[in-house]
$ cat model-v1.txt   # compact mmCIF, C-alpha atoms and all ligand atoms
# COMPACT_ATOMS: atom_id res chain seq x y z
CA MET W 1 -22.30 2.48 17.69
CA ARG W 2 -19.37 0.38 16.46
CA GLN W 3 -16.37 2.37 15.31
CA ILE W 4 -13.67 1.32 12.83
CA LEU W 5 -10.33 3.10 13.00
CA VAL W 6 -8.46 2.92 9.72
CA ILE W 7 -4.89 3.58 10.79
CA GLY W 8 -2.07 4.38 8.38
CA ILE W 9 1.05 2.61 9.66
CA GLY W 10 3.70 3.80 7.20
CA THR W 11 5.66 1.52 4.93
CA GLY W 12 7.21 -1.17 7.04
CA ASN W 13 9.25 0.65 9.65
CA PRO W 14 7.54 0.65 13.07
CA ALA W 15 9.09 4.10 13.63
CA HIS W 16 6.78 5.44 10.90
CA MET W 17 3.88 5.25 13.36
CA THR W 18 2.68 8.73 14.29
CA VAL W 19 1.69 9.65 17.84
CA GLU W 20 -1.89 9.99 16.58
CA ALA W 21 -1.72 6.44 15.16
CA ILE W 22 -0.34 5.05 18.43
CA ASP W 23 -3.06 6.79 20.45
CA ALA W 24 -5.74 5.48 18.09
CA LEU W 25 -4.35 1.95 18.30
CA ASN W 26 -4.52 2.13 22.10
CA ALA W 27 -8.17 3.16 21.86
CA ALA W 28 -9.10 -0.03 19.97
CA ASP W 29 -10.77 -3.02 21.64
CA THR W 30 -9.89 -5.25 18.70
CA VAL W 31 -7.02 -5.04 16.22
CA PHE W 32 -7.66 -6.82 12.92
CA ILE W 33 -4.59 -8.35 11.26
CA PRO W 34 -4.85 -9.69 7.71
CA THR W 35 -2.78 -12.76 6.78
CA LYS W 36 -2.26 -14.93 3.69
CA GLY W 37 0.44 -15.62 1.15
CA ASP W 38 4.19 -14.94 1.43
CA GLU W 39 3.82 -11.18 1.12
CA LYS W 40 0.97 -10.95 3.57
CA ALA W 41 2.90 -13.15 6.04
CA ALA W 42 5.74 -10.62 6.14
CA LEU W 43 3.30 -7.72 6.41
CA ALA W 44 1.29 -9.49 9.13
CA ALA W 45 4.53 -9.96 11.13
CA LEU W 46 5.18 -6.24 10.86
CA ARG W 47 1.65 -5.45 12.06
CA ARG W 48 2.10 -7.81 15.02
CA ALA W 49 5.41 -6.09 15.85
CA ILE W 50 3.70 -2.69 15.76
CA VAL W 51 0.95 -3.87 18.10
CA ALA W 52 3.48 -5.49 20.47
CA ARG W 53 5.63 -2.36 20.53
CA TYR W 54 2.97 0.31 20.94
CA VAL W 55 -0.21 -1.11 22.46
CA THR W 56 -0.28 -0.96 26.22
CA ALA W 57 -4.08 -0.95 26.61
CA ALA W 58 -6.15 -4.15 26.93
CA HIS W 59 -7.24 -5.38 23.51
CA SER W 60 -7.55 -8.51 21.42
CA ASN W 61 -5.87 -9.28 18.11
CA VAL W 62 -8.05 -10.95 15.50
CA GLU W 63 -6.19 -12.43 12.54
CA PHE W 64 -8.16 -13.13 9.38
CA ALA W 65 -7.34 -14.51 5.94
CA LEU W 66 -7.62 -11.70 3.44
CA PRO W 67 -9.01 -12.94 0.09
CA VAL W 68 -6.41 -12.75 -2.69
CA ARG W 69 -7.12 -11.16 -6.09
CA ASP W 70 -7.35 -13.55 -9.02
CA ALA W 71 -4.50 -12.10 -11.10
CA ALA W 72 -5.46 -14.38 -14.01
CA HIS W 73 -8.99 -12.95 -14.26
CA PRO W 74 -9.55 -12.07 -17.95
CA ASP W 75 -11.37 -8.81 -17.07
CA TYR W 76 -9.18 -6.68 -14.74
CA GLN W 77 -11.97 -4.35 -13.51
CA ARG W 78 -14.36 -7.22 -12.91
CA GLY W 79 -11.64 -9.22 -11.14
CA VAL W 80 -11.01 -6.29 -8.76
CA ALA W 81 -14.77 -5.83 -8.11
CA GLU W 82 -15.17 -9.53 -7.25
CA TRP W 83 -12.11 -9.38 -5.00
CA HIS W 84 -13.47 -6.33 -3.16
CA GLU W 85 -16.81 -8.07 -2.71
CA ALA W 86 -15.04 -11.03 -1.12
CA ILE W 87 -13.12 -8.71 1.26
CA ALA W 88 -16.36 -6.89 2.09
CA ASP W 89 -17.88 -10.24 3.12
CA ARG W 90 -14.93 -10.79 5.45
CA TYR W 91 -15.12 -7.27 6.93
CA GLU W 92 -18.86 -7.59 7.43
CA THR W 93 -18.38 -10.75 9.49
CA LEU W 94 -15.58 -9.17 11.56
CA ILE W 95 -17.62 -6.04 12.29
CA ALA W 96 -20.78 -8.03 13.07
CA ASP W 97 -18.76 -10.02 15.64
CA MET W 98 -17.84 -6.81 17.50
CA ASP W 99 -20.02 -5.67 20.38
CA ALA W 100 -22.29 -2.77 19.52
CA ARG W 101 -20.12 -0.19 21.29
CA GLU W 102 -16.71 -1.59 20.42
CA THR W 103 -13.89 0.04 18.48
CA GLY W 104 -11.94 -2.01 15.94
CA ALA W 105 -8.70 -1.04 14.21
CA LEU W 106 -7.55 -1.91 10.71
CA LEU W 107 -3.85 -1.26 10.18
CA VAL W 108 -3.37 -0.01 6.64
CA TRP W 109 0.00 0.00 4.87
CA GLY W 110 1.23 3.53 4.13
CA ASP W 111 -1.68 5.95 4.03
CA PRO W 112 -5.27 4.70 3.68
CA GLY W 113 -5.97 7.31 0.98
CA LEU W 114 -3.31 6.19 -1.52
CA TYR W 115 -3.88 3.15 -3.72
CA ASP W 116 -5.66 1.32 -0.96
CA SER W 117 -9.25 0.13 -1.07
CA THR W 118 -9.99 -0.32 2.63
CA LEU W 119 -12.17 2.82 2.75
CA ARG W 120 -14.03 1.91 -0.45
CA ILE W 121 -14.66 -1.61 0.86
CA LEU W 122 -15.92 -0.36 4.23
CA GLU W 123 -18.31 1.90 2.29
CA ARG W 124 -19.43 -1.15 0.34
CA VAL W 125 -20.15 -2.96 3.65
CA ARG W 126 -22.08 0.02 4.96
CA SER W 127 -24.14 0.30 1.79
CA ARG W 128 -25.35 -3.28 2.27
CA GLY W 129 -27.36 -1.79 5.13
CA SER W 130 -27.10 -4.61 7.68
CA LEU W 131 -24.56 -2.91 9.99
CA GLU W 132 -24.15 0.57 11.43
CA PHE W 133 -20.63 1.80 12.15
CA THR W 134 -18.53 4.92 11.92
CA VAL W 135 -15.14 5.18 10.26
CA ARG W 136 -12.23 7.36 11.39
CA VAL W 137 -9.03 7.64 9.37
CA ILE W 138 -5.61 8.27 10.86
CA PRO W 139 -3.17 9.29 8.10
CA GLY W 140 0.15 7.52 7.60
CA LEU W 141 3.42 8.08 5.75
CA THR W 142 3.11 6.99 2.13
CA SER W 143 5.71 5.03 0.19
CA ILE W 144 6.09 8.13 -2.00
CA GLN W 145 7.15 10.28 0.95
CA VAL W 146 9.53 7.59 2.18
CA LEU W 147 11.02 7.23 -1.33
CA THR W 148 11.69 10.94 -1.87
CA ALA W 149 13.04 11.31 1.67
CA ALA W 150 15.43 8.38 1.09
CA PHE W 151 16.85 10.17 -1.95
CA ALA W 152 16.65 13.59 -0.24
CA ILE W 153 14.79 15.04 -3.24
CA PRO W 154 11.60 17.07 -3.60
CA LEU W 155 8.63 15.25 -5.14
CA ASN W 156 7.75 18.05 -7.57
CA THR W 157 9.72 20.48 -9.67
CA ILE W 158 9.03 24.17 -8.98
CA GLY W 159 5.38 25.06 -9.56
CA ASN W 160 4.62 21.85 -11.45
CA PRO W 161 2.14 19.06 -10.84
CA VAL W 162 3.01 15.45 -10.05
CA THR W 163 1.33 12.46 -11.66
CA ILE W 164 0.85 9.36 -9.53
CA THR W 165 0.04 6.29 -11.56
CA THR W 166 0.40 2.53 -11.88
CA GLY W 167 2.71 0.39 -13.98
CA ARG W 168 -0.31 -0.69 -16.03
CA LYS W 169 -1.16 2.94 -16.92
CA LEU W 170 2.45 3.91 -17.62
CA ARG W 171 2.63 1.18 -20.24
CA GLU W 172 -0.25 2.91 -22.05
CA GLY W 173 1.93 6.01 -22.56
CA TRP W 174 3.74 8.86 -20.81
CA PRO W 175 1.16 11.10 -19.05
CA GLU W 176 0.44 14.21 -21.14
CA GLY W 177 2.53 17.22 -20.09
CA ALA W 178 4.00 15.56 -16.99
CA ASP W 179 7.58 16.07 -15.80
CA SER W 180 7.39 14.08 -12.54
CA VAL W 181 5.65 10.71 -12.56
CA VAL W 182 5.44 8.36 -9.58
CA VAL W 183 4.77 4.74 -10.47
CA MET W 184 3.28 2.28 -7.98
CA LEU W 185 1.87 -1.24 -8.20
CA ASP W 186 4.24 -2.20 -11.00
CA GLY W 187 4.79 -5.92 -11.13
CA GLU W 188 5.89 -5.77 -14.76
CA LYS W 189 8.98 -3.51 -14.77
CA SER W 190 7.09 -0.99 -16.87
CA TYR W 191 10.08 1.41 -16.82
CA GLU W 192 11.70 -1.03 -19.30
CA GLN W 193 8.82 -0.61 -21.71
CA ILE W 194 8.91 3.18 -22.22
CA ASP W 195 11.26 5.47 -24.16
CA PRO W 196 14.05 6.26 -21.63
CA GLU W 197 15.26 9.36 -23.50
CA GLY W 198 15.66 12.30 -21.08
CA LEU W 199 14.28 10.39 -18.06
CA HIS W 200 15.94 10.05 -14.66
CA ILE W 201 14.65 7.32 -12.35
CA TYR W 202 14.66 7.21 -8.55
CA TRP W 203 13.79 3.60 -7.71
CA GLY W 204 13.24 2.14 -4.25
CA ALA W 205 12.25 -1.31 -3.02
CA TYR W 206 11.15 -2.07 0.57
CA VAL W 207 11.52 1.66 1.29
CA GLY W 208 11.79 2.39 5.01
CA MET W 209 12.43 -1.27 5.85
CA ASP W 210 15.68 -3.01 6.83
CA GLU W 211 15.76 -4.55 3.32
CA GLU W 212 15.58 -1.13 1.59
CA ILE W 213 17.29 -0.92 -1.83
CA LEU W 214 17.75 2.36 -3.71
CA ILE W 215 19.01 2.93 -7.25
CA GLU W 216 18.96 6.16 -9.23
CA GLY W 217 20.31 7.47 -12.51
CA PRO W 218 19.44 8.08 -16.15
CA LEU W 219 16.81 5.45 -17.01
CA SER W 220 18.75 4.33 -20.10
CA GLU W 221 21.80 3.56 -17.95
CA VAL W 222 20.27 1.99 -14.82
CA ALA W 223 17.15 0.12 -16.03
CA ALA W 224 19.01 -3.17 -16.50
CA ASP W 225 20.62 -2.91 -13.06
CA ILE W 226 17.23 -2.20 -11.45
CA SER W 227 15.69 -5.23 -13.17
CA MET W 228 18.52 -7.53 -12.10
CA THR W 229 18.42 -6.20 -8.52
CA ARG W 230 14.63 -6.48 -8.43
CA ASP W 231 14.63 -10.12 -9.62
CA ALA W 232 17.30 -11.09 -7.10
CA ALA W 233 15.57 -9.34 -4.18
CA ARG W 234 12.23 -10.86 -5.05
CA LYS W 235 13.82 -14.31 -5.14
CA GLN W 236 15.60 -13.73 -1.84
CA HIS W 237 12.58 -12.43 0.12
CA GLY W 238 9.76 -14.19 -1.73
CA TRP W 239 8.01 -10.86 -2.37
CA ILE W 240 8.81 -7.29 -3.34
CA MET W 241 7.22 -3.86 -3.21
CA ASP W 242 8.82 -1.12 -5.25
CA VAL W 243 7.97 2.44 -6.15
CA TYR W 244 9.74 4.91 -8.40
CA LEU W 245 9.80 8.51 -9.52
CA LEU W 246 10.52 9.25 -13.17
CA ARG W 247 11.68 12.83 -13.79
CA LYS W 248 12.01 14.47 -17.20
CA ALA W 249 15.21 16.43 -17.53
C1 LIG W 301 -1.56 -1.31 -2.48
S1 LIG W 301 -0.39 -0.03 -2.70
C2 LIG W 301 -0.38 0.66 -1.10
C3 LIG W 301 0.21 2.05 -1.06
C4 LIG W 301 0.22 2.62 0.35
N1 LIG W 301 -1.11 2.87 0.83
C5 LIG W 301 1.07 3.88 0.47
O1 LIG W 301 0.59 4.84 1.10
O2 LIG W 301 2.19 3.89 0.00
C6 LIG W 301 1.08 -0.97 -2.76
C7 LIG W 301 2.17 -0.28 -3.56
O3 LIG W 301 2.74 0.76 -2.78
C8 LIG W 301 4.13 0.82 -3.00
N2 LIG W 301 4.80 0.52 -1.73
C9 LIG W 301 4.22 0.38 -0.53
N3 LIG W 301 5.12 0.16 0.43
C10 LIG W 301 6.32 0.16 -0.17
C11 LIG W 301 7.66 0.00 0.29
N4 LIG W 301 7.95 -0.19 1.59
N5 LIG W 301 8.65 0.08 -0.62
C12 LIG W 301 8.40 0.31 -1.93
N6 LIG W 301 7.16 0.45 -2.42
C13 LIG W 301 6.13 0.40 -1.55
C14 LIG W 301 4.44 -0.18 -4.10
O4 LIG W 301 4.38 0.48 -5.34
C15 LIG W 301 3.32 -1.17 -3.96
O5 LIG W 301 3.08 -1.86 -5.17
$ encode --input "model-v1.txt" --output "structure tokens"
Amino acid sequence: MRQILVIGIGTGNPAHMTVEAIDALNAADTVFIPTKGDEKAALAALRRAIVARYVTAAHSNVEFALPVRDAAHPDYQRGVAEWHEAIADRYETLIADMDARETGALLVWGDPGLYDSTLRILERVRSRGSLEFTVRVIPGLTSIQVLTAAFAIPLNTIGNPVTITTGRKLREGWPEGADSVVVMLDGEKSYEQIDPEGLHIYWGAYVGMDEEILIEGPLSEVAADISMTRDAARKQHGWIMDVYLLRKA
């Protein structure tokens, strides 16, 4: 039966690859590399660099254009569902093109279990019923781990939970009872739109990469600096990925 390896590659530093991930990559007959858009171009280059550095076994690279989400869709949930359906179509074609006993590898940014839909979309392909394949996941370093390591801080305070959320959700209000909140997928500088009183922010862009930028401090004092730095970096590189931890004093 066909096998799909979903390999976590870490957050942009080839040295984030685990030995398990390297071994899995070398077991693949085909490595699938998504491309499209400025951001995806940079990420595709990183994936190519990982393959060039670590794969010694015979294999082929297959690049494919990953459908892009319609950010202007009036219904967010529906927009995401339509986007996933379009990616599922693409995956289905790629998997159907594999020989029946082949192994394919999808290189997933960070860890496949954290704010990534690859596994959900593969399940969607399987549920269509036209293809049989197995899925194996190889975990990767998440941007959260790389962020807290960069600041040399623990993720949680003693004995307390951590909330992981999106910029969109943060704008709806501070999570009930939380003292440590990690915010991902925030294209809107949501930290500017909440009450900064008593909050410390640990902000990182391009964490783990050569371009890494880190800023920390009381939110009321550093928010403007983060926004200015973020705008400039985005302009310079054409894309940005940032993640931050908000801690209540
Ligand atoms: C689609 S999610 C993927 C998360 C990924 N699976 C992980 O384990 O970190 C993309 C978000 O992850 C965060 N992210 C991923 N890589 C990052 C990096 N190198 N620097 C800063 N944030 C990053 C950002 O919040 C970005 O909006």
$ residues_near_ligand --input "model-v1.txt" --ligand "ligand LIG 301 (chain W)" --cutoff "6 Å" --atoms "all atoms listed in the file" --output "count of residues only"
22
$ closest_atom_pairs --input "model-v1.txt" --of "segment 129-240 of chain W" --to "segment 89-101 of chain W" --cutoff "12 Å" --atoms "all atoms listed in the file" --output "CSV"
residue,atom,partner,partner_atom,distance
W:Gly129,CA,W:Glu92,CA,10.5
W:Ser130,CA,W:Glu92,CA,8.8
W:Leu131,CA,W:Ala96,CA,7.1
W:Glu132,CA,W:Ala100,CA,8.9
W:Phe133,CA,W:Ile95,CA,8.4
W:Thr134,CA,W:Arg101,CA,10.8
W:Val135,CA,W:Ile95,CA,11.7
$ atom_distance --input "model-v1.txt" --atom1 "atom CA of Ser117 of chain W" --atom2 "atom CA of Lys189 of chain W"
23.1 Å
$ atom_distance --input "model-v1.txt" --atom1 "atom CA of Ala72 of chain W" --atom2 "atom CA of Ala223 of chain W"
26.9 Å
$ closest_residue --input "model-v1.txt" --among "W:Ala88, W:Val31, W:Ile138, W:Ala224" --to "Arg126 of chain W" --atoms "only C-alpha atoms"
W:Ala88
$ atom_distance --input "model-v1.txt" --atom1 "atom CA of Arg48 of chain W" --atom2 "atom CA of Arg230 of chain W"
26.6 Å
$ closest_residue --input "model-v1.txt" --among "W:His237, W:Lys248, W:Lys169, W:Arg47" --to "Asp195 of chain W" --atoms "only C-alpha atoms"
W:Lys248
$ closest_residue --input "model-v1.txt" --among "W:Ala45, W:Val108, W:Leu122, W:Ile194" --to "Ile7 of chain W" --atoms "only C-alpha atoms"
W:Val108
$ residues_around --input "model-v1.txt" --residues "Thr163 of chain W" --least-positions-apart "2" --cutoff "9 Å" --atoms "only C-alpha atoms" --output "count of residues only"
9
$ closest_residue --input "model-v1.txt" --among "W:Val6, W:Thr18, W:Glu192, W:Leu66" --to "Leu170 of chain W" --atoms "all atoms listed in the file"
W:Glu192
$ closest_residue --input "model-v1.txt" --among "W:Ile144, W:Ala41, W:Val222, W:Leu199" --to "Phe64 of chain W" --atoms "all atoms listed in the file"
W:Ala41
$ closest_residue --input "model-v1.txt" --among "W:Glu188, W:Ser60, W:Val137, W:Ala152" --to "Asp231 of chain W" --atoms "all atoms listed in the file"
W:Glu188
$ axis_aligned_box --input "model-v1.txt" --around "segment 114-119 of chain W" --padding-each-side "5 Å" --output "JSON"
{"center_x": -7.7, "center_y": 2.9, "center_z": -0.5, "size_x": 18.9, "size_y": 16.5, "size_z": 16.5}
$ residues_near_point --input "model-v1.txt" --point "(-3.9, -2.2, 20.9)" --cutoff "9 Å" --atoms "only C-alpha atoms" --output "PyMOL selection string"
chain W and resi 22+24-31+51-52+54-61+105
